[in-house]
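Notes follow once the structure below has been shown.
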Protein chains: 2
Amino acid sequence: MYIEKIHGPQDVKKLNEDELVELADEMRKALIKRASIHMGHVGPDLGFIEPTIALHYVFDSPKDKIVYDISHQTYPHKMLTGRKDAYLYEEHYNDVSAYSNPKESEHDYFEIGHTSVSIDLALGMAKARDLTGKEGNVIAVIGDGSLSGGEALEGLNIAGEFDRNFIIVFNDNQMSIAENHGGMYRSLKALRESNGTASDNLFKAMGLDYIYVQNGNEIHDLIQAFSSVKDSTKPVVVHINTLKGKGLKFAENNKEQWHWHLPFHLDTGEVKPEYQWDGENYSDITANFLLAKMKKDPSVVVVTSGVPGTAGFTPAKRQEAGKQFMDVGIAEQSGVAVASGIAKNGGKPVYFTEATFIQRAYDQIAQDVSINHSPVTILAFDGSIYGMSDVTHVGFYDLAMMSNIPDVVYLAPASKEEYLAMLDWSIEQQEHPVVIRVPAVDVCTADYPVRTYYDKIGKFTVTKQGNRVAIIAPGTFYTMGQEAVQLLSEKYQVNATLINPGFVSHIDEELLEELKKDHQLVAVLEDGVIEGGFSPKIGMYYANSDMKVLAFGLKKAFYDIYDTEALLEENHLTPKHIAEDIMKSCL
Amino acid sequence: MYIEKIHGPQDVKKLNEDELVELADEMRKALIKRASIHMGHVGPDLGFIEPTIALHYVFDSPKDKIVYDISHQTYPHKMLTGRKDAYLYEEHYNDVSAYSNPKESEHDYFEIGHTSVSIDLALGMAKARDLTGKEGNVIAVIGDGSLSGGEALEGLNIAGEFDRNFIIVFNDNQMSIAENHGGMYRSLKALRESNGTASDNLFKAMGLDYIYVQNGNEIHDLIQAFSSVKDSTKPVVVHINTLKGKGLKFAENNKEQWHWHLPFHLDTGEVKPEYQWDGENYSDITANFLLAKMKKDPSVVVVTSGVPGTAGFTPAKRQEAGKQFMDVGIAEQSGVAVASGIAKNGGKPVYFTEATFIQRAYDQIAQDVSINHSPVTILAFDGSIYGMSDVTHVGFYDLAMMSNIPDVVYLAPASKEEYLAMLDWSIEQQEHPVVIRVPAVDVCTADYPVRTYYDKIGKFTVTKQGNRVAIIAPGTFYTMGQEAVQLLSEKYQVNATLINPGFVSHIDEELLEELKKDHQLVAVLEDGVIEGGFSPKIGMYYANSDMKVLAFGLKKAFYDIYDTEALLEENHLTPKHIAEDIMKSCL
């Protein structure tokens with residue numbers, strides 16, 4: 001096999017075009033086999049094999065620098081830059097991360113996991129190249145789904161003013177994760193249908209030169225195109241038309257479902273039994289609740305920015321929601337701002353995305369929503385230690401980010417019933433922006449009384465009255481708090497108070513004051529980083545008093561591909577540790 | 001005068017075209033007179049008088065909804081919607097805010113002060129209109145400077161998929177605050193020069209219909225254009241070519257200086273003596289230091305996003321900096337991301353803007369910079385209670401926003417010498433993203449030893465060793481800490497310790513532990529909101545100990561057009577209050 005002899009881009013250059021085609025075939029087979037065994041991105045990589053080969057054939061990485069966007073399409077790049085074993089041999093599948101990663105290779109420059117960044121990052125590299133007298137091409141790779149993101153569009157405009165070598169490879173596979181949204185996709189279609197000659201070319205409107213490659217999976221055509229722009233002395237876009245999922249019929253036929261996929265049977269495309277999960281989950285619960293709500297009330301509008309599946313909005317459910325479902329494409333800023341506009345004209349908007357992506361709309365939450373007291377409901381998925389664990393996708397920085405913005409009410413439900421009660425209350429109230437931290441654990445049922453009104457902002461619920469020690473256990477960590485209280489009782493004969501705060505952005509000063517009477521220690525569980533989070537709000541309330549406060553949570557740091565149980569253990573986030581630390585502290 | 005009889009849009013409709021021209025003249029004279037007496041925006045409003053008249057003549061506000069962007073061009077709108085007195089009579093000049101403001105009028109829908117938001121907010125209103133069965137036109141007004149912002153570009157794309165009435169008035173005055181930047185401005189120029197017919201039309205590329213008005217200050221032409229799109233059943237852009245500063249020769253001739261202006265002599269345009277300030281200021285200090293640094297080192301690159309004047313980069317100084325100065329236009333996300341790219345390819349980037357605008361790049365600071373450990377230097381101006389006081393421009397939420405992002409080192413200098421030492425250190429170090437909170441007070445000189453290295457992250461400086469009580473006084477509040485210490489000594493015979501922390505993102509655990517030996521109380525001064533800020537980091541360190549912590553700062557809330565001294569007083573941020581509260585607390 002050719003791929004076995006590829007130790008770096010220099011080995012790609014030794015092959016002739018027929019051999020390169022053979023190489024692509026080998027890579028495709030390896031990627032499909034790996035995908036069937038190892039979960040990960042499928043469609044973006046299968047469609048970008050030939051462009052990657054052509055890039056490394058024409059350009060001289062790492063002297064020429066290729067910067068990928070979000071990097072879900074970097075598996076072929078990794079295969080050609082010394083990391084083929086991680087794709088060829090099952091025992092090495094875990095040797096590489098799923099993203100561009102400078103720790104792995106000199107051919108990677110950034111650890112990237114959010115979209116729409118490659119043009120800017122590459123532009124900065126080109127600027128530094130010119131000022132420090134370096135040489136070489138700088139190439140940004142970006143997909144059509146990512147192009148709707150504000151940062152990418154800003155980048156196109158800035159690139160249009162740049163006056164030296166800068167190449168943008170625009171990988172147009174006609175898909176975001178789901179279908180694309182926005183007017184630009186009609187003009188991109190016109191470009192594809194006119195072999196790149198249609199008028200009102202977005203790239204040219206941004207001041208950029210432009211060439212088009214109709215067969216973006218033909219190595220010969222790609223080599224020609226890339227060769228023609230190599231060493232260009234001004235910015236140029238190479239628009240290539242590719243097929244997402246190419247070579248795997250399931251992925252070609254159902255691009256949304258095969259953007260990322262669990263391990264599957266090669267023959268049927270079915271998810272392997274050990275990965276199947278047919279229990280209840282918070283995504284489906286969300287979609288079903290919102291669909292029912294929308295049917296009853298035409299003013300309810302669900303908005304997302306490119307990730308409909310996050311809240312269970314499958315194509316069928318999107319269709320069912322009709323005009324009341326709005327996917328703005330990858331454009332978190334606009335998703336939040338549009339929701340604010342809806343709220344200000346009599347609609348009831350619910351915006352959702354992953355917690356890690358909400359930070360892309362920080363300014364919109366603060367200004368367009370909060371300063372304007374827009375009653376927007378935001379659902380933050382995976383804002384939890386139990387959520388996604390890639391460093392770029394960790395969601396538990398959300399509390400420091402949002403709970404300190406004035407007027408934002410941040411709710412953390414501890415059960416399904418509480419989640420739906422909060423969601424319903426939030427949609428109907430007209431006073432505040434409300435963020436709900438959707439639990440990132442298996443669905444659990446409330447074994448405590450669930451409130452249906454949350455109008456008294458910051459009002460906590462005491463679920464068990466005790467003395468000496470109180471444990472405040474929000475959201476996902478409520479169960480842990482319950483278990484710690486039980487342990488304190490059984491093992492140490494301490495009758496601790498248990499509090500389900502519900503709110504993580506506000507505190508119940510009345511209750512906290514009351515605790516001073518017969519409690520000496522308050523323990524706060526934090527599902528995430530302590531700094532900037534919920535526990536310091538409790539800590540500062542008692543800072544000038546005799547009450548001791550023990551916060552259990554993570555130190556401020558980046559966490560990457562962590563083992564959840566180990567991380568919890570290390571940080572004493574277990575009932576046993578909590579009980580022990582409490583006993584050690586003050587009793 | 002016609003203007004005296006305009007109590008609302010209905011009165012505009014009673015006038016004929018000649019009278020409307022007369023009305024425009026009256027409004028212009030009033031605005032110029034007011035500007036000469038009252039500080040505020042000048043150029044944007046003078047150029048948008050005729051479009052505002054035509055909008056209110058053709059459309060029926062508030063049934064038809066006009067949503068302004070950033071709203072520096074809303075003075076004429078306010079004059080025509082019941083708020084003329086605030087522009088006609090000196091004694092009423094302070095009756096209105098400088099922004100779109102729903103508290104003032106039913107013709108305003110949002111409180112807006114950041115750019116690039118109007119398309120999204122208006123789109124949301126149009127969406128809610130359609131779902132709730134309301135009627136009327138929805139009109140977004142946006143300027144050419146704001147269009148480079150990602151949120152606006154995202155909005156154009158989303159609008160291009162909208163299928164009902166939606167009108168965008170694109171006010172092209174060929175300026176941002178300073179000159180525009182980016183390739184799109186070449187294609188906009190081509191549109192102006194071809195009467196709207198040039199190819200590669202950005203709006204059409206986004207899927208929008210388009211008409212062009214060459215004489216954007218001619219009421220007749222504007223009425224025709226707006227009438228032609230009124231009740232349009234699909235989205236359309238009306239591109240109007242206007243003259244920024246129209247009617248005030250100084251403003252027409254020097255658009256950057258007259259975007260916003262201090263009170264001036266009508267004859268000469270000179271700033272009135274009582275408003276002149278020729279002392280040293282941190283903007284000039286910054287520009288001069290960076291210019292000298294750039295000359296010595298070609299790898300130093302200064303980046304800003306549309307606000308060069310914030311750090312003293314006048315047109316002359318920008319020219320002097322040449323290729324080492326990069327204004328990306330209004331595009332904070334890209335400003336930060338480009339800086340990360342520069343840092344990763346051997347450059348030394350310094351990005352600056354107002355603290356309130358940095359939040360627009362939260363995701364880029366967290367992902368493109370911090371996760372990648374890019375040694376980018378960010379200068380945050382006006383991140384202080386002493387900074388801008390309009391609710392949309394308050395900068396002191398910056399600490400909650402940035403100091404909790406892992407790897408971000410946030411420095412708060414207390415003097416000019418310390419500021420420059422930190423800036424120089426930051427540019428040269430290669431380890432961390434560093435944010436420096438540029439003091440928002442008069443320039444002050446260090447009367448304490450200033451460190452030149454900050455490599456030991458979180459290392460505080462004890463400037464006076466005492467006992468029992470320690471005051472930690474970062475940045476701008478260091479002087480207040482000094483005075484409180486002095487008062488404690490003189491009035492209460494308490495020999496307090498004084499600490500200049502330098503760092504506000506990290507704490508000196510060694511020192512804090514040491515304080516436990518002979519201190520009972522630590523007071524922390526917070527130039528901003530306590531929640532999410534610096535003092536909780538100290539508070540949480542001592543939460544489970546006997547040390548009392550007293551935090552002086554603001555409660556989490558929005559603050560608007562506040563009186564600085566009163567706000568400080570109310571929150572006990574005075575040496576007298578600090579000393580008294582300390583004495584009350586624990587001694």
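Identifiers in the structure tokens: chain A, B, ... in order shown; residue index from 1 per chain; ligand index from 1 in order shown.
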With only C-alpha atoms considered, list every residue of chain A at most 6 Å from chain B, as a PyMOL selection string. chain A and resi 120-121+124-125+128+131-132+150-151+154+157-158+160-161+182-184+187+199-202+205-207+299+333-334+337-339+341-342+345+347+359-360+363+404+406+532+536+543-544+548-550+556-557
Can you pull out every residue within 10 Å of A:Phe313, counting only C-alpha atoms, but drop anything in the same chain fewer than 4 positions away, and send it as an MDAnalysis selection string? chainID A and resid 283:284 286:288 290:291 302 304 307:309 317:321 325
Could you take the residues named above and write them with all heavy atoms, as a short mmCIF file (atom, residue, chain, number, x, y, z; two decimals), in the first residue's frame?
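Saved the output as selection12.cif:
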```
data_model
loop_
_atom_site.label_atom_id
_atom_site.label_comp_id
_atom_site.auth_asym_id
_atom_site.auth_seq_id
_atom_site.Cartn_x
_atom_site.Cartn_y
_atom_site.Cartn_z
N SER A 283 -32.31 15.42 25.15
CA SER A 283 -32.55 16.04 23.84
C SER A 283 -33.97 15.76 23.37
O SER A 283 -34.71 16.68 23.01
CB SER A 283 -31.54 15.49 22.81
OG SER A 283 -30.24 15.89 23.16
N ASP A 284 -34.35 14.48 23.39
CA ASP A 284 -35.71 14.15 22.94
C ASP A 284 -36.77 14.77 23.85
O ASP A 284 -37.80 15.25 23.37
CB ASP A 284 -35.89 12.63 22.90
CG ASP A 284 -35.04 12.00 21.82
OD1 ASP A 284 -34.58 12.74 20.92
OD2 ASP A 284 -34.81 10.78 21.86
N THR A 286 -36.58 17.49 25.37
CA THR A 286 -36.66 18.91 25.02
C THR A 286 -37.48 19.12 23.75
O THR A 286 -38.41 19.95 23.72
CB THR A 286 -35.24 19.49 24.82
OG1 THR A 286 -34.47 19.24 25.99
CG2 THR A 286 -35.29 20.98 24.55
N ALA A 287 -37.12 18.38 22.71
CA ALA A 287 -37.84 18.56 21.43
C ALA A 287 -39.32 18.25 21.60
O ALA A 287 -40.18 19.01 21.11
CB ALA A 287 -37.22 17.67 20.36
N ASN A 288 -39.63 17.17 22.31
CA ASN A 288 -41.04 16.81 22.46
C ASN A 288 -41.82 17.85 23.25
O ASN A 288 -42.94 18.23 22.89
CB ASN A 288 -41.16 15.43 23.12
CG ASN A 288 -40.61 14.34 22.21
OD1 ASN A 288 -40.52 14.53 20.99
ND2 ASN A 288 -40.20 13.22 22.78
N LEU A 290 -41.08 21.04 23.56
CA LEU A 290 -41.19 22.29 22.79
C LEU A 290 -42.17 22.15 21.63
O LEU A 290 -42.91 23.09 21.32
CB LEU A 290 -39.81 22.73 22.30
CG LEU A 290 -38.86 23.23 23.41
CD1 LEU A 290 -37.47 23.51 22.84
CD2 LEU A 290 -39.41 24.49 24.08
N LEU A 291 -42.19 20.99 21.01
CA LEU A 291 -43.16 20.77 19.92
C LEU A 291 -44.60 20.89 20.44
O LEU A 291 -45.44 21.55 19.81
CB LEU A 291 -42.95 19.39 19.30
CG LEU A 291 -41.92 19.32 18.18
CD1 LEU A 291 -41.68 17.87 17.76
CD2 LEU A 291 -42.35 20.15 16.97
N VAL A 302 -38.58 28.38 18.36
CA VAL A 302 -37.34 27.73 18.77
C VAL A 302 -36.25 28.11 17.77
O VAL A 302 -36.44 27.99 16.56
CB VAL A 302 -37.52 26.21 18.85
CG1 VAL A 302 -36.20 25.52 19.19
CG2 VAL A 302 -38.57 25.87 19.91
N THR A 304 -32.07 27.89 16.76
CA THR A 304 -30.74 27.33 17.00
C THR A 304 -29.77 27.85 15.94
O THR A 304 -30.19 28.47 14.96
CB THR A 304 -30.74 25.79 17.03
OG1 THR A 304 -29.46 25.35 17.54
CG2 THR A 304 -30.95 25.19 15.64
N VAL A 307 -27.06 23.62 15.13
CA VAL A 307 -26.98 22.35 15.84
C VAL A 307 -28.37 21.86 16.26
O VAL A 307 -28.62 21.63 17.45
CB VAL A 307 -26.04 22.41 17.07
CG1 VAL A 307 -24.59 22.52 16.63
CG2 VAL A 307 -26.40 23.58 17.99
N PRO A 308 -29.30 21.68 15.30
CA PRO A 308 -30.66 21.28 15.66
C PRO A 308 -30.71 19.98 16.46
O PRO A 308 -31.53 19.83 17.36
CB PRO A 308 -31.36 21.13 14.30
CG PRO A 308 -30.27 21.00 13.28
CD PRO A 308 -29.14 21.80 13.84
N GLY A 309 -29.81 19.06 16.16
CA GLY A 309 -29.82 17.77 16.83
C GLY A 309 -29.52 17.85 18.32
O GLY A 309 -29.91 16.97 19.09
N LYS A 317 -38.82 16.37 13.04
CA LYS A 317 -39.35 17.30 14.06
C LYS A 317 -39.21 18.75 13.63
O LYS A 317 -40.03 19.60 13.98
CB LYS A 317 -38.67 17.05 15.41
CG LYS A 317 -39.18 15.76 16.06
CD LYS A 317 -38.58 15.47 17.40
CE LYS A 317 -39.15 14.14 17.92
NZ LYS A 317 -38.41 13.59 19.05
N ARG A 318 -38.20 19.05 12.86
CA ARG A 318 -38.06 20.41 12.34
C ARG A 318 -39.22 20.71 11.40
O ARG A 318 -39.78 21.80 11.41
CB ARG A 318 -36.72 20.58 11.60
CG ARG A 318 -35.52 20.27 12.47
CD ARG A 318 -34.25 20.91 11.98
NE ARG A 318 -33.63 20.39 10.78
CZ ARG A 318 -32.72 19.41 10.74
NH1 ARG A 318 -32.36 18.79 11.86
NH2 ARG A 318 -32.16 19.04 9.62
N GLN A 319 -39.54 19.70 10.60
CA GLN A 319 -40.64 19.89 9.66
C GLN A 319 -41.95 20.08 10.41
O GLN A 319 -42.77 20.94 10.06
CB GLN A 319 -40.73 18.68 8.74
CG GLN A 319 -41.41 19.01 7.43
CD GLN A 319 -41.43 17.83 6.47
OE1 GLN A 319 -40.88 16.76 6.77
NE2 GLN A 319 -42.06 18.02 5.33
N GLU A 320 -42.11 19.30 11.46
CA GLU A 320 -43.32 19.41 12.27
C GLU A 320 -43.44 20.80 12.88
O GLU A 320 -44.53 21.36 12.96
CB GLU A 320 -43.24 18.34 13.38
CG GLU A 320 -44.58 17.92 13.95
CD GLU A 320 -44.40 16.86 15.04
OE1 GLU A 320 -43.42 16.08 14.98
OE2 GLU A 320 -45.23 16.85 15.96
N ALA A 321 -42.32 21.36 13.30
CA ALA A 321 -42.34 22.70 13.93
C ALA A 321 -42.59 23.79 12.90
O ALA A 321 -43.10 24.87 13.23
CB ALA A 321 -41.03 22.94 14.66
N PHE A 325 -39.76 26.90 13.97
CA PHE A 325 -38.38 26.47 14.18
C PHE A 325 -37.49 27.25 13.23
O PHE A 325 -37.79 27.35 12.04
CB PHE A 325 -38.22 24.97 13.94
CG PHE A 325 -36.85 24.47 14.32
CD1 PHE A 325 -36.57 24.12 15.63
CD2 PHE A 325 -35.84 24.39 13.37
CE1 PHE A 325 -35.30 23.68 15.99
CE2 PHE A 325 -34.57 23.96 13.73
CZ PHE A 325 -34.30 23.60 15.04
#
```
When you look at stretch 578-582 of chain A with a cut-off of 7 Å (counting only C-alpha atoms), what residues show up, excluding the ones that are within fewer than 3 positions of it in the same chain? I need them as a VMD selection string. chain A and resid 484 487 to 488 572 to 575 585 to 586
Determine, counting only C-alpha atoms, which protein, DNA and RNA residues have an atom within 8 Å of an atom of B:Asp382; residues of the same chain fewer than 3 positions away are not included. Present the result as JSON, numbers by chain. {"B": [354, 355, 356, 386, 387, 388, 394, 395, 396, 437, 438, 439, 440]}
From the DSSP assignment of the backbone, select every residue of stretch 86-275 of chain A that is alpha helix (DSSP H), and format the answer as a ChimeraX atom specification. /A:86-88,118-131,150-159,184-193,202-205,219-229,249-253
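As for atom CA of A:His220 and atom CA of A:Met27, they are spaced 17.1 Å apart.
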Applying 9 Å and only C-alpha atoms, which residues near A:Tyr562 remain after dropping the ones on its own chain fewer than 4 positions away? List them as a ChimeraX atom specification. /A:389-391,566-567
Give me, as a ChimeraX atom specification, the residues of stretch 174-396 of chain B that a backbone DSSP run labels strand (DSSP E or B). /B:209-213,235-241,260-261,264,271,300-304,325-327,348-354,377-381
Excluding stretch 167-176 of chain A and any residue of its chain fewer than 4 positions from it, enumerate the residues within 7 Å of it, using only C-alpha atoms, and give them as number ranges by chain. A: 138-145, 180, 235-244
Can you tell me, as number ranges by chain, what residues are no more than 6 Å from stretch 416-433 of chain A when counting only C-alpha atoms, ignoring any on the same chain fewer than 5 positions away? A: 373-376, 408, 444-445, 450, 452
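The gap separating atom CA of B:His56 from atom CA of B:Gln10 is 8.1 Å, in Å to one decimal.
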Which one of A:Thr461, A:Ser61, A:Ser227, A:Ser489 sits closest to A:Asp11 if you count only C-alpha atoms? A:Ser61
